[in-house]
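Undergrad: I am sharing run03.cif, which consists of mmCIF, C-alpha atoms:
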data_work
#
loop_
_atom_site.label_atom_id
_atom_site.label_comp_id
_atom_site.auth_asym_id
_atom_site.auth_seq_id
_atom_site.Cartn_x
_atom_site.Cartn_y
_atom_site.Cartn_z
CA MET A 6 23.06 166.79 -191.45
CA SER A 7 26.65 167.13 -192.58
CA PRO A 8 28.95 164.07 -192.59
CA ALA A 9 30.70 165.44 -189.50
CA GLU A 10 27.36 165.87 -187.70
CA ILE A 11 26.29 162.36 -188.65
CA LEU A 12 29.58 160.94 -187.37
CA GLY A 13 29.30 162.95 -184.15
CA ALA A 14 25.78 161.65 -183.52
CA HIS A 15 26.98 158.10 -184.22
CA LEU A 16 29.84 158.43 -181.74
CA ALA A 17 27.54 159.88 -179.07
CA ALA A 18 25.22 156.91 -179.54
CA GLN A 19 28.06 154.55 -178.65
CA ALA A 20 28.18 155.89 -175.09
CA LEU A 21 26.64 153.81 -172.33
CA ASP A 22 22.85 154.07 -172.22
CA TYR A 23 22.78 155.32 -168.64
CA VAL A 24 25.34 158.00 -169.47
CA GLN A 25 23.34 159.18 -172.48
CA ALA A 26 20.29 159.49 -170.21
CA ILE A 27 21.98 161.98 -167.87
CA SER A 28 20.71 165.55 -167.90
CA PRO A 29 23.83 167.68 -167.40
CA TYR A 30 24.10 169.84 -164.30
CA VAL A 31 22.98 173.39 -165.10
CA THR A 32 25.25 176.01 -163.58
CA GLY A 33 24.14 179.53 -162.71
CA LYS A 34 24.51 182.30 -165.26
CA PRO A 35 27.88 184.06 -165.09
CA VAL A 36 27.91 187.76 -164.30
CA ASP A 37 29.52 188.75 -167.62
CA GLU A 38 26.85 186.94 -169.65
CA VAL A 39 24.02 188.64 -167.77
CA ALA A 40 25.67 192.02 -168.20
CA ARG A 41 25.99 191.53 -171.97
CA GLU A 42 22.50 190.07 -172.41
CA PHE A 43 20.64 192.83 -170.57
CA GLY A 44 23.02 195.76 -170.97
CA LEU A 45 23.63 196.03 -167.24
CA SER A 46 26.79 197.07 -165.44
CA ASP A 47 25.93 196.38 -161.80
CA ILE A 48 25.18 192.68 -161.36
CA LEU A 49 24.51 191.00 -158.02
CA LYS A 50 25.07 187.23 -158.06
CA LEU A 51 23.51 185.41 -155.13
CA ALA A 52 22.90 182.08 -156.83
CA SER A 53 25.80 179.80 -155.89
CA ASN A 54 26.16 180.23 -152.12
CA GLU A 55 29.60 181.83 -152.33
CA ASN A 56 30.99 183.86 -149.43
CA PRO A 57 30.05 187.51 -150.11
CA LEU A 58 33.02 188.65 -148.02
CA GLY A 59 35.50 187.06 -150.41
CA ALA A 60 38.32 184.79 -149.27
CA SER A 61 40.51 184.69 -146.19
CA PRO A 62 43.28 187.33 -146.28
CA GLN A 63 45.67 184.63 -145.17
CA ALA A 64 44.68 182.53 -148.19
CA HIS A 65 45.34 185.50 -150.48
CA ALA A 66 48.77 185.94 -148.94
CA ALA A 67 49.59 182.25 -149.39
CA ILE A 68 48.70 182.39 -153.08
CA HIS A 69 50.74 185.54 -153.71
CA ALA A 70 53.76 183.97 -152.03
CA PHE A 71 53.63 180.88 -154.25
CA ASN A 72 56.13 180.72 -157.11
CA ASP A 73 56.47 177.07 -158.17
CA LEU A 74 53.90 177.03 -160.98
CA ASN A 75 56.18 174.77 -163.02
CA ILE A 76 56.14 172.03 -160.35
CA TYR A 77 53.44 169.38 -160.01
CA PRO A 78 51.33 169.55 -156.83
CA ASP A 79 52.05 167.35 -153.84
CA GLY A 80 49.82 164.44 -154.81
CA SER A 81 49.58 163.32 -151.19
CA GLY A 82 48.55 166.75 -149.90
CA TYR A 83 50.78 166.14 -146.88
CA ALA A 84 50.81 169.66 -145.42
CA LEU A 85 47.07 170.25 -145.81
CA LYS A 86 46.21 166.83 -144.41
CA ALA A 87 48.41 167.59 -141.40
CA ALA A 88 46.57 170.90 -140.88
CA ILE A 89 43.15 169.21 -141.20
CA SER A 90 44.27 166.43 -138.85
CA LYS A 91 45.28 168.95 -136.19
CA HIS A 92 42.25 171.20 -136.67
CA PHE A 93 39.63 168.43 -136.46
CA GLN A 94 41.52 165.95 -134.29
CA VAL A 95 41.41 163.15 -136.86
CA ASP A 96 44.18 160.87 -138.07
CA ALA A 97 45.83 161.87 -141.36
CA ALA A 98 45.15 158.37 -142.70
CA SER A 99 41.44 159.15 -142.34
CA ILE A 100 41.60 162.11 -144.77
CA ILE A 101 41.33 162.33 -148.54
CA LEU A 102 41.47 165.54 -150.59
CA GLY A 103 39.38 166.35 -153.63
CA ASN A 104 38.86 168.87 -156.39
CA GLY A 105 35.97 170.30 -154.40
CA SER A 106 33.62 168.05 -152.47
CA ASN A 107 31.94 167.20 -155.80
CA ASP A 108 35.07 165.26 -156.72
CA LEU A 109 34.80 163.27 -153.50
CA LEU A 110 31.16 162.39 -154.19
CA GLU A 111 32.21 161.14 -157.63
CA LEU A 112 34.97 159.04 -156.06
CA VAL A 113 32.44 157.39 -153.75
CA ALA A 114 30.18 156.57 -156.70
CA ARG A 115 33.05 155.18 -158.78
CA ALA A 116 34.29 153.02 -155.91
CA TYR A 117 30.98 151.70 -154.55
CA LEU A 118 28.29 151.91 -157.23
CA ALA A 119 27.68 149.92 -160.40
CA PRO A 120 24.78 148.37 -162.35
CA GLY A 121 22.75 146.23 -159.97
CA ARG A 122 23.59 148.40 -156.96
CA ASN A 123 21.78 151.47 -155.69
CA ALA A 124 22.24 154.69 -153.74
CA VAL A 125 19.57 156.12 -151.44
CA PHE A 126 18.98 159.82 -150.87
CA SER A 127 16.20 162.29 -150.25
CA ALA A 128 14.21 164.28 -152.73
CA TYR A 129 15.30 167.92 -152.95
CA ALA A 130 18.90 166.89 -152.25
CA PHE A 131 22.09 168.08 -153.94
CA ALA A 132 21.81 167.39 -157.69
CA VAL A 133 25.24 165.75 -157.89
CA TYR A 134 24.03 162.70 -155.91
CA ALA A 135 21.77 161.68 -158.78
CA LEU A 136 24.33 162.59 -161.44
CA ALA A 137 27.14 160.62 -159.81
CA THR A 138 24.90 157.62 -159.24
CA GLN A 139 23.49 157.55 -162.76
CA ALA A 140 26.96 157.85 -164.30
CA THR A 141 27.86 154.46 -162.79
CA GLY A 142 24.74 152.70 -164.01
CA ALA A 143 23.50 152.23 -160.46
CA ASP A 144 19.91 152.93 -159.44
CA ALA A 145 19.06 156.14 -157.61
CA LYS A 146 16.41 155.55 -154.95
CA ILE A 147 15.06 159.04 -154.35
CA ILE A 148 12.89 159.05 -151.24
CA PRO A 149 10.13 161.64 -150.72
CA ALA A 150 11.09 164.36 -148.27
CA LEU A 151 9.02 165.44 -145.30
CA PRO A 152 5.88 167.27 -146.47
CA PRO A 153 5.77 171.08 -146.71
CA THR A 154 3.24 171.00 -143.88
CA HIS A 155 5.66 169.31 -141.47
CA ALA A 156 5.70 171.27 -138.22
CA ASP A 157 9.46 171.26 -137.61
CA MET A 158 11.27 170.58 -140.88
CA PRO A 159 9.23 171.11 -144.08
CA TYR A 160 10.97 169.53 -147.08
CA GLY A 161 13.55 167.94 -144.75
CA ALA A 162 15.04 164.45 -145.07
CA ASP A 163 12.74 161.68 -143.82
CA LEU A 164 15.30 159.47 -142.07
CA PRO A 165 12.90 156.60 -141.23
CA ALA A 166 11.84 156.48 -144.88
CA LEU A 167 15.46 156.52 -146.04
CA LEU A 168 16.17 153.63 -143.69
CA ARG A 169 13.24 151.61 -145.04
CA ALA A 170 14.49 152.13 -148.59
CA ILE A 171 17.85 150.47 -147.91
CA ASP A 172 18.03 146.94 -149.29
CA ALA A 173 20.61 144.25 -150.02
CA HIS A 174 21.75 146.15 -153.14
CA THR A 175 22.23 149.50 -151.43
CA ARG A 176 25.85 150.54 -151.06
CA VAL A 177 25.63 154.30 -150.43
CA VAL A 178 23.34 156.74 -148.64
CA PHE A 179 23.90 160.41 -149.44
CA LEU A 180 22.75 162.84 -146.74
CA ALA A 181 23.53 166.55 -146.79
CA ASN A 182 23.44 168.35 -143.44
CA PRO A 183 22.49 171.18 -143.80
CA ASN A 184 20.84 170.22 -147.06
CA ASN A 185 21.25 172.05 -150.34
CA PRO A 186 19.01 173.53 -151.74
CA THR A 187 16.56 173.59 -148.82
CA GLY A 188 18.83 174.49 -145.87
CA THR A 189 17.11 171.88 -143.70
CA TRP A 190 18.95 169.66 -141.24
CA VAL A 191 18.73 166.62 -138.98
CA THR A 192 19.58 166.73 -135.28
CA GLN A 193 22.23 164.86 -133.33
CA ALA A 194 19.71 162.42 -131.83
CA GLN A 195 17.99 161.78 -135.16
CA LEU A 196 21.25 161.14 -136.98
CA GLU A 197 22.68 158.89 -134.26
CA GLU A 198 19.54 156.74 -134.29
CA PHE A 199 19.70 156.52 -138.08
CA LEU A 200 23.39 155.56 -138.18
CA GLU A 201 22.88 152.88 -135.54
CA ALA A 202 20.20 151.29 -137.73
CA VAL A 203 21.91 151.53 -141.14
CA PRO A 204 23.41 148.16 -142.17
CA ARG A 205 27.18 148.19 -141.93
CA HIS A 206 27.63 147.27 -145.61
CA VAL A 207 26.21 150.71 -146.53
CA LEU A 208 28.46 153.77 -146.63
CA VAL A 209 26.70 156.87 -145.30
CA VAL A 210 28.12 159.98 -146.96
CA LEU A 211 27.44 162.91 -144.64
CA ASP A 212 27.81 165.97 -146.85
CA GLU A 213 28.66 168.91 -144.59
CA ALA A 214 29.50 171.57 -147.17
CA TYR A 215 27.64 174.22 -145.15
CA SER A 216 28.36 173.05 -141.61
CA GLU A 217 30.73 175.92 -140.79
CA TYR A 218 27.83 178.33 -141.13
CA VAL A 219 25.81 176.56 -138.44
CA ALA A 220 25.63 178.48 -135.16
CA ARG A 221 28.10 177.11 -132.61
CA SER A 222 25.30 177.02 -130.05
CA ALA A 223 23.44 174.50 -132.24
CA TYR A 224 26.35 172.09 -131.84
CA ALA A 225 26.55 172.68 -128.10
CA THR A 226 22.85 171.93 -127.56
CA GLY A 227 22.72 168.89 -129.85
CA GLN A 228 20.41 170.63 -132.29
CA PHE A 229 23.06 170.01 -134.93
CA PRO A 230 25.35 166.94 -135.01
CA ASP A 231 29.14 166.88 -134.98
CA GLY A 232 29.89 164.94 -138.14
CA MET A 233 33.58 164.54 -137.37
CA ALA A 234 32.80 162.90 -134.03
CA LEU A 235 30.31 160.60 -135.74
CA ALA A 236 32.90 159.61 -138.36
CA ARG A 237 35.25 158.56 -135.56
CA ARG A 238 32.47 156.56 -133.91
CA PHE A 239 30.87 154.91 -136.97
CA PRO A 240 33.22 153.22 -139.48
CA HIS A 241 30.54 153.35 -142.18
CA VAL A 242 30.33 157.18 -142.11
CA LEU A 243 32.26 159.39 -144.52
CA VAL A 244 32.09 163.15 -143.91
CA THR A 245 32.70 165.49 -146.84
CA ARG A 246 33.62 169.15 -146.43
CA THR A 247 34.51 171.95 -148.83
CA PHE A 248 36.63 175.09 -148.86
CA SER A 249 34.26 176.66 -151.41
CA LYS A 250 31.75 178.11 -148.96
CA ILE A 251 32.75 179.85 -145.72
CA TYR A 252 36.46 179.75 -146.60
CA GLY A 253 35.75 181.58 -149.87
CA LEU A 254 37.90 179.39 -152.15
CA ALA A 255 35.25 178.31 -154.68
CA ALA A 256 37.43 179.32 -157.63
CA LEU A 257 40.20 176.96 -156.53
CA ARG A 258 37.98 173.87 -156.13
CA ILE A 259 39.17 172.02 -153.06
CA GLY A 260 37.47 169.84 -150.47
CA PHE A 261 38.22 166.93 -148.19
CA ALA A 262 36.60 163.88 -146.66
CA VAL A 263 37.12 162.14 -143.33
CA GLY A 264 36.32 158.48 -142.76
CA HIS A 265 37.67 155.09 -141.79
CA PRO A 266 41.22 154.57 -143.16
CA ALA A 267 40.08 151.45 -145.05
CA VAL A 268 37.40 153.48 -146.86
CA ILE A 269 39.88 156.28 -147.56
CA SER A 270 42.26 153.71 -149.03
CA VAL A 271 39.56 152.50 -151.41
CA LEU A 272 38.76 156.04 -152.55
CA ASP A 273 42.45 156.74 -153.09
CA ARG A 274 42.54 153.95 -155.66
CA VAL A 275 40.14 155.79 -157.97
CA ARG A 276 41.49 159.27 -157.26
CA GLN A 277 43.54 161.00 -159.94
CA PRO A 278 47.21 161.41 -158.88
CA PHE A 279 47.17 165.24 -158.90
CA ASN A 280 43.49 165.99 -158.36
CA VAL A 281 44.16 169.10 -156.23
CA ASN A 282 46.33 171.92 -157.55
CA SER A 283 49.14 173.59 -155.61
CA LEU A 284 47.46 176.98 -155.23
CA ALA A 285 44.40 175.30 -153.74
CA LEU A 286 46.53 173.28 -151.32
CA LYS A 287 48.37 176.38 -150.07
CA ALA A 288 45.28 178.57 -149.87
CA ALA A 289 43.22 175.94 -148.06
CA GLU A 290 45.93 175.35 -145.48
CA ALA A 291 46.09 179.08 -144.76
CA ALA A 292 42.31 179.56 -144.75
CA LEU A 293 41.79 176.71 -142.32
CA GLY A 294 43.77 178.58 -139.69
CA ASP A 295 42.16 181.98 -140.24
CA SER A 296 39.66 181.76 -137.37
CA THR A 297 39.04 185.53 -137.42
CA PHE A 298 37.78 185.45 -141.00
CA ILE A 299 35.70 182.31 -140.42
CA GLU A 300 34.03 183.70 -137.29
CA HIS A 301 33.33 187.02 -139.01
CA SER A 302 31.81 185.26 -142.02
CA ARG A 303 29.61 183.16 -139.75
CA ALA A 304 28.45 186.21 -137.79
CA VAL A 305 27.62 188.24 -140.91
CA ASN A 306 25.69 185.29 -142.31
CA ALA A 307 23.73 184.74 -139.10
CA VAL A 308 22.55 188.35 -139.05
CA GLY A 309 21.72 188.26 -142.76
CA LEU A 310 19.86 184.95 -142.52
CA ASP A 311 17.67 186.21 -139.68
CA PHE A 312 17.04 189.46 -141.55
CA MET A 313 16.05 187.77 -144.80
CA GLN A 314 13.82 185.14 -143.19
CA ALA A 315 11.99 187.82 -141.21
CA ALA A 316 11.68 190.04 -144.29
CA PHE A 317 10.10 187.28 -146.36
CA ARG A 318 7.67 186.34 -143.61
CA THR A 319 6.66 189.99 -143.29
CA ARG A 320 5.86 189.92 -147.01
CA GLY A 321 3.74 186.80 -146.59
CA LEU A 322 6.28 184.54 -148.34
CA ALA A 323 6.97 181.15 -146.78
CA VAL A 324 10.60 180.27 -146.14
CA ILE A 325 12.13 176.87 -145.45
CA PRO A 326 14.08 176.87 -142.14
CA SER A 327 17.81 177.09 -142.91
CA GLN A 328 21.09 176.56 -141.08
CA ALA A 329 23.18 177.40 -144.15
CA ASN A 330 24.27 180.55 -145.97
CA PHE A 331 21.17 180.68 -148.15
CA VAL A 332 17.41 180.81 -147.80
CA THR A 333 14.82 179.08 -149.98
CA VAL A 334 11.58 181.00 -150.34
CA GLN A 335 8.19 180.18 -151.84
CA VAL A 336 7.37 183.02 -154.24
CA GLY A 337 3.93 181.78 -155.32
CA LEU A 338 4.83 181.84 -159.02
CA PRO A 339 6.85 179.56 -161.31
CA ALA A 340 10.44 179.97 -160.18
CA GLY A 341 11.71 180.37 -163.73
CA ARG A 342 9.53 183.44 -164.30
CA VAL A 343 10.75 185.09 -161.11
CA PHE A 344 14.35 184.20 -161.99
CA ASP A 345 14.02 185.84 -165.43
CA ALA A 346 12.41 188.97 -164.00
CA LEU A 347 15.16 189.33 -161.39
CA LEU A 348 17.82 188.93 -164.09
CA ARG A 349 16.48 192.05 -165.75
CA GLU A 350 16.94 193.82 -162.42
CA GLY A 351 20.58 192.69 -162.37
CA VAL A 352 20.02 190.12 -159.60
CA ILE A 353 20.94 186.46 -160.12
CA VAL A 354 19.33 183.85 -157.85
CA ARG A 355 18.73 180.11 -158.25
CA ALA A 356 15.39 178.91 -159.58
CA LEU A 357 14.44 175.52 -158.14
CA GLY A 358 12.34 172.80 -159.72
CA GLY A 359 12.81 171.61 -163.29
CA GLN A 360 10.59 172.08 -166.30
CA THR A 361 8.74 168.86 -165.48
CA ASP A 362 8.38 169.66 -161.78
CA THR A 363 4.81 170.91 -161.34
CA GLY A 364 4.90 170.70 -157.56
CA GLY A 365 7.51 170.43 -154.87
CA LEU A 366 9.93 173.34 -155.22
CA SER A 367 8.76 174.58 -158.61
CA CYS A 368 7.70 177.91 -157.10
CA HIS A 369 10.78 178.32 -154.89
CA ILE A 370 13.94 180.34 -155.42
CA ARG A 371 17.16 179.95 -153.45
CA ILE A 372 18.99 183.13 -152.46
CA THR A 373 22.49 183.25 -151.04
CA ILE A 374 22.82 185.44 -147.96
CA GLY A 375 24.90 188.48 -148.88
CA THR A 376 26.00 191.62 -147.13
CA GLN A 377 23.29 193.80 -145.66
CA ALA A 378 23.33 196.08 -148.72
CA GLN A 379 23.09 193.08 -151.04
CA ASN A 380 20.23 191.56 -149.06
CA GLU A 381 18.29 194.80 -149.19
CA ARG A 382 18.86 195.03 -152.95
CA VAL A 383 17.36 191.55 -153.45
CA LEU A 384 14.28 192.52 -151.44
CA THR A 385 13.88 195.76 -153.40
CA ALA A 386 14.10 193.83 -156.67
CA LEU A 387 11.55 191.25 -155.49
CA ASP A 388 9.20 193.99 -154.31
CA HIS A 389 9.38 195.39 -157.83
CA VAL A 390 8.97 192.21 -159.89
CA LEU A 391 6.52 190.09 -157.86
CA PRO A 392 3.51 192.47 -158.08
CA ALA A 393 4.00 192.83 -161.84
CA LEU A 394 4.28 189.09 -162.34
CA ARG A 395 1.19 188.45 -160.23
CA ALA A 396 -0.77 191.02 -162.22
CA SER A 397 0.16 189.35 -165.48
CA ALA A 398 -0.48 185.79 -164.26
#
Take the structure in the file and give it back as structure tokens.
TA:
Amino acid sequence: MSPAEILGAHLAAQALDYVQAISPYVTGKPVDEVAREFGLSDILKLASNENPLGASPQAHAAIHAFNDLNIYPDGSGYALKAAISKHFQVDAASIILGNGSNDLLELVARAYLAPGRNAVFSAYAFAVYALATQATGADAKIIPALPPTHADMPYGADLPALLRAIDAHTRVVFLANPNNPTGTWVTQAQLEEFLEAVPRHVLVVLDEAYSEYVARSAYATGQFPDGMALARRFPHVLVTRTFSKIYGLAALRIGFAVGHPAVISVLDRVRQPFNVNSLALKAAEAALGDSTFIEHSRAVNAVGLDFMQAAFRTRGLAVIPSQANFVTVQVGLPAGRVFDALLREGVIVRALGGQTDTGGLSCHIRITIGTQAQNERVLTALDHVLPALRASA
């Protein structure tokens, strides 16, 4: 090793033990890299659950009209908070903005977790829960999900088990609804019963990044809970939302959380002064009011989700029930092999399960719902690669 490499290794070793132990989050392959690697020109990326219809036209207009790039953002996010307050009927003091909902999850961890404390969440949950928890030195209590044989919600969150895992050192419960990467969900009655039983010293973070994709009828019938209403009712609930999914603003990184003003005040103390940029603030405010685009995106996704789930079942492939804008499917082969084969077809999906995961979701891939043409292309690619992979297994 060179002197510089030796010094670099020495400096890295000075970091906190629990930080050194973190396995960094692995992002999906960018389109340009896949194109260069395989000599392809037509790449379809359905790995990150982005809106295939793009962004709200009103958001585009708001960005094009913005000229003050030399001015710092409004650190308070006054205009966007006012729009969120009106849209969701919550007090502005109950809102905090973040650089995507990931930022908000990190703020919760920084404010509430530390060595000697723990966070509770389900297996097969959003990877950032574990990362944010580990970065604080707190313990991550990862609770087994419902079994794949469960009649109603295979791989779903086991709320009674989560409740049993809470102890005197627990400060946070992370619960995504719908869940990423499985698409599973808990109902209004299940969630209400759970929240009633959770000790009041525990903050329940209800991650609703995909809630706008849920059918409105599911809310009306109680099949899916209204997180905003629950946040008003339970002071120990914090709801996180994002503009990255149905609103189509993933590139701008903006999200928000709604909770008790006292909790919001605590999170504000660890928030960076200008954590949301001006373009994101303007675009999000415009996108929030573009009901036509939101309803169209939801309708296209609903048709595509039904189509893809039926298509996989027809092919004898098991799918996990989803209320989101993606579907997770059991392909019967190591997910990494299927992922690599699809890359060569110019299709990017998300392989689930890590290298050490020999069960669970190790043979599952997650596919974002696209346009009808995109969905059909994924199926054509799978029909091509799966028989060849099976033959060579």
Undergrad: Would you write out, as a PyMOL selection string, every residue that the PyMOL selection byres ((chain A and resi 343-357) around 10) captures in this file?
TA: chain A and resi 32-36+39-40+42-54+129+186-187+333-334+336-342+358-360+362+365-373+379+382-383+385-387+389-391+393-394
Undergrad: For Glu198 (chain A), work out the shell of residues within 12 Å, counting only C-alpha atoms and skipping chain neighbours fewer than 4 positions away, then give it as an NGL selection string.
TA: :A and (164-165 or 168 or 191-194 or 202-203 or 230 or 235 or 239)
Undergrad: If we count all atoms listed in the file and set the cut-off at 9 Å, which residues sit around Ile148 (chain A), ignoring sequence neighbours fewer than 2 positions away in its own chain? Please answer as a list of chain:residue names.
TA: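 Listing them by chain and then by number gives A:Val125, A:Phe126, A:Ser127, A:Ala128, A:Lys146, A:Ala150, A:Ala162, A:Asp163, A:Ala166, A:Leu167, A:Ala170.
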Undergrad: The centre and edge lengths of an axis-aligned box containing all atoms of region 209-221 of chain A present in the file, extended by 6 Å on each side, are to be given in Å to one decimal, as JSON.
TA:
{"center_x": 28.2, "center_y": 167.7, "center_z": -139.9, "size_x": 17.1, "size_y": 33.6, "size_z": 26.6}
Undergrad: Rounded to one decimal in Å, what is the spacing between CA of Gly321 (chain A) and CA of Val305 (chain A)?
TA: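 Distance between the two atoms: 24.6 Å.
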Undergrad: Could you state which residues are captured by the PyMOL selection byres ((chain A and resi 299-301) around 10) in this file, as a ChimeraX atom specification?
TA: /A:58,60-61,217-218,251-253,292-298,302-307
Undergrad: Set the distance at 12 Å and use all atoms listed in the file: which residues neighbour Ala135 (chain A) once local chain neighbours fewer than 5 positions away are removed? I'd like the list as a PyMOL selection string.
TA: chain A and resi 23-24+26-30+107+110-111+114+118+123-130+140-148+177-179
Undergrad: Here's the selection I'm unsure about, the PyMOL selection byres ((chain A and resi 257) around 10); applied to the file above, which residues does it give, as a ChimeraX atom specification?
TA: /A:104-105,248-249,253-256,258-260,281-286,288-289
Undergrad: Given the choices A:Ile325, A:His15, A:Pro8, A:Ile100, which gets closest to Ile269 (chain A) if the distance is worked out from all atoms listed in the file?
TA: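 Once distances to Ile269 (chain A) are computed over all atoms listed in the file, the minimum belongs to A:Ile100.
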Undergrad: Could you check how far CA of Gln195 (chain A) sits from CA of Ala220 (chain A), in Å to one decimal?
TA: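 One can read the CA of Gln195 (chain A) to CA of Ala220 (chain A) distance as 18.4 Å.
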Undergrad: Which residues, written as a CSV table (one decimal) with C-alpha atoms, in the coordinates of the input, have at least one atom at most 10 Å from Tyr215 (chain A), with only C-alpha atoms counted and residues fewer than 2 positions away on the same chain left out?
TA:
chain,number,residue,atom,x,y,z
A,54,ASN,CA,26.2,180.2,-152.1
A,181,ALA,CA,23.5,166.6,-146.8
A,182,ASN,CA,23.4,168.4,-143.4
A,183,PRO,CA,22.5,171.2,-143.8
A,184,ASN,CA,20.8,170.2,-147.1
A,185,ASN,CA,21.2,172.0,-150.3
A,188,GLY,CA,18.8,174.5,-145.9
A,212,ASP,CA,27.8,166.0,-146.8
A,213,GLU,CA,28.7,168.9,-144.6
A,217,GLU,CA,30.7,175.9,-140.8
A,218,TYR,CA,27.8,178.3,-141.1
A,219,VAL,CA,25.8,176.6,-138.4
A,246,ARG,CA,33.6,169.2,-146.4
A,247,THR,CA,34.5,172.0,-148.8
A,248,PHE,CA,36.6,175.1,-148.9
A,249,SER,CA,34.3,176.7,-151.4
A,250,LYS,CA,31.8,178.1,-149.0
A,251,ILE,CA,32.8,179.8,-145.7
A,328,GLN,CA,21.1,176.6,-141.1
A,329,ALA,CA,23.2,177.4,-144.2
A,330,ASN,CA,24.3,180.6,-146.0
A,331,PHE,CA,21.2,180.7,-148.2
Undergrad: By how many Å are CA of Val275 (chain A) and CA of His241 (chain A) apart?
TA: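 Computed distance, CA of Val275 (chain A) to CA of His241 (chain A), equals 18.6 Å.
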Undergrad: Tell me which of A:Ser397, A:Ser327, A:Gln94, A:Ser7 sits closest to Tyr160 (chain A), counting all atoms listed in the file.
TA: A:Ser327
